[in-house]
Amino acid sequence: MAVVPSRNTRTRLVFPDLISACPFPLRINPNCKLASQESKQWLFAGCRLSKKKRGAFHGLKGGLLTAMCYPLAEYDQLRVCCDYINYLFHLDNICDEMDDRKTVSTQSEVIGALRDPHGFRPSSAVGRLTQCFWRRMTATGSVGAQRRFIETFDLFFRAVTQQAKDRASGNIPDLESYIAMRRDTSGCKPCWALIEYANNLDLPDCVMEHPSVLGLGEAANDLVTWSNDIFSFNVEQANGDTHNMIVVVQNEMNLELQEAVDYVGDLCFRCIDRFETLREALPSWGPEIDAQLQVYIDGLADWMIGNLVWSFETERYFGKNGRRVRRDLSVRLLPVASRPPGNPTLIVSRAAAECFITITIEVVLSEEAACITIA
């Protein structure tokens with residue numbers, strides 16, 4: 001491995017206009033403000049967060065995302081969904097700091113609380129938070145929705161454990177493996193079960209397991225997840241995180257950075273087309289079930305457009321510049337932060353090395369000097 005000084009020729013990323021391409025109406029639950037405030041208070045009371053992390057949660061605007069994705073939910077159900085979304089972001093943050101053994105331990109705590117919400121005795125804040133929102137969900141959620149939530153949340157932890165192993169080894173998976181893993185690390189699948197809960201649906205397994213219905217959920221998951229990889233890439237590359245489709249595509253296809261962004265953007269456009277095609281070809285299960293299924297599918301569409309719009313409202317990816325970035329569809333690349341001692345050095349291909357640009361403090365003739373680590 002060599003450290004070769006190089007000039008950074010790519011200074012900006014250009015994003016695809018996914019919002020304009022997404023044909024679904026944006027709907028917002030009128031209980032957004034109150035649910036957001038009370039949900040943050042619930043999270044802060046349930047776990048110890050530093051002042052900085054609390055500030056980040058205010059900027060996250062998880063309540064807004066929830067209100068966009070569950071626009072028809074009554075207040076109590078919206079609160080449960082909001083609590084889960086805030087909890088999921090908190091869980092995602094702490095899992096990013098865990099190795100695979102700690103991830104497995106957290107999985108045991110969370111799944112234990114889900115499988116036995118009244119008898120299980122959690123030993124951590126995450127376990128207690130899990131037990132709290134889950135008890136409220138099981139009060140009105142259908143048996144099928146509860147089972148799908150637990151099964152898919154278990155898949156989330158298995159995938160996050162693999163992600164932790166890849167992070168520790170510096171491994172960049174191939175695209176096919178990444179897509180399969182990302183569909184679970186996204187945490188979207190449990191959110192689809194919450195669509196059933198939030199709208200008081202009781203859909204039979206034969207409907208929810210039909211290939212067309214599963215395909216609709218997969219198309220929605222892919223759009224939410226892959227667009228997130230585009231919008232979060234700048235922050236993640238600055239932190240040296242390789243769990244991102246853009247990095248995977250660069251590494252596998254030997255693409256330049258903007259080419260990789262464009263490639264992933266094209267996949268996102270295809271997700272919208274795939275969703276529409278599957279929806280038009282759905283079979284009928286009779287008037288009552290068809291009506292419930294339409295609510296569920298509309299809920300998937302709410303997630304697709306809601307997540308896209310929220311990505312520019314939250315401060316998680318673009319700070320306070322989200323609306324300007326949405327207008328310009330362009331952002332300046334951030335410099336890579338220094339790695340803490342003991343973190344593994346990532347080894348990447350020459351094309352992927354463009355992702356990991358470290359802008360040095362020294363400025364020569366008003367030009368930024370850069371160092372790129374190349375395998």
# chains A, B, ... in the order shown; residues from 1 in each chain; ligands from 1
>>> residues_around(residues="His58 of chain A", least_positions_apart="3", cutoff="12 Å", atoms="only C-alpha atoms", output="NGL selection string")
:A and (36-37 or 39-41 or 43-44 or 51-55 or 61-64 or 86 or 313-316 or 319)
>>> residues_around(residues="Ala291 of chain A", least_positions_apart="6", cutoff="10 Å", atoms="only C-alpha atoms", output="ChimeraX atom specification")
/A:201,284-285
>>> write_last_selection(atoms="N, CA and C atoms", output="PDB file, in the first residue's frame")
ATOM      1  N   LEU A 201     -54.785  -2.714   9.800  1.00  0.00           N
ATOM      2  CA  LEU A 201     -54.987  -3.721   8.758  1.00  0.00           C
ATOM      3  C   LEU A 201     -54.806  -5.119   9.348  1.00  0.00           C
ATOM      4  N   SER A 284     -56.648 -10.053  -7.586  1.00  0.00           N
ATOM      5  CA  SER A 284     -57.697  -9.649  -6.644  1.00  0.00           C
ATOM      6  C   SER A 284     -57.943 -10.763  -5.638  1.00  0.00           C
ATOM      7  N   TRP A 285     -58.172 -10.351  -4.378  1.00  0.00           N
ATOM      8  CA  TRP A 285     -58.531 -11.291  -3.320  1.00  0.00           C
ATOM      9  C   TRP A 285     -59.940 -11.010  -2.786  1.00  0.00           C
TER      10      TRP A 285
END
>>> residues_around(residues="Phe24 of chain A", least_positions_apart="5", cutoff="10 Å", atoms="only C-alpha atoms", output="list of chain:residue names")
A:Ile19, A:Ile272, A:Asp298, A:Ala301, A:Asp302, A:Trp303, A:Met304, A:Ile305, A:Gly306
>>> atom_distance(atom1="atom CA of His90 of chain A", atom2="atom CA of Pro122 of chain A")
17.2 Å
>>> select_by_dssp(residues="segment 12-202 of chain A", states="alpha helix (DSSP H)", output="JSON, numbers by chain")
{"A": [18, 19, 20, 21, 32, 33, 34, 35, 36, 37, 38, 39, 40, 41, 42, 43, 44, 45, 46, 51, 52, 53, 54, 55, 56, 57, 58, 59, 60, 62, 63, 64, 65, 66, 67, 68, 69, 75, 76, 77, 78, 79, 80, 81, 82, 83, 84, 85, 86, 87, 88, 89, 90, 91, 92, 93, 94, 95, 100, 101, 102, 103, 104, 105, 106, 107, 108, 109, 110, 111, 112, 113, 114, 115, 125, 126, 127, 128, 129, 130, 131, 132, 133, 134, 135, 136, 137, 138, 143, 144, 145, 146, 147, 148, 149, 150, 151, 152, 153, 154, 155, 156, 157, 158, 159, 160, 161, 162, 163, 164, 165, 166, 167, 168, 169, 175, 176, 177, 178, 179, 180, 181, 182, 183, 184, 185, 188, 189, 190, 191, 192, 193, 194, 195, 196, 197, 198]}
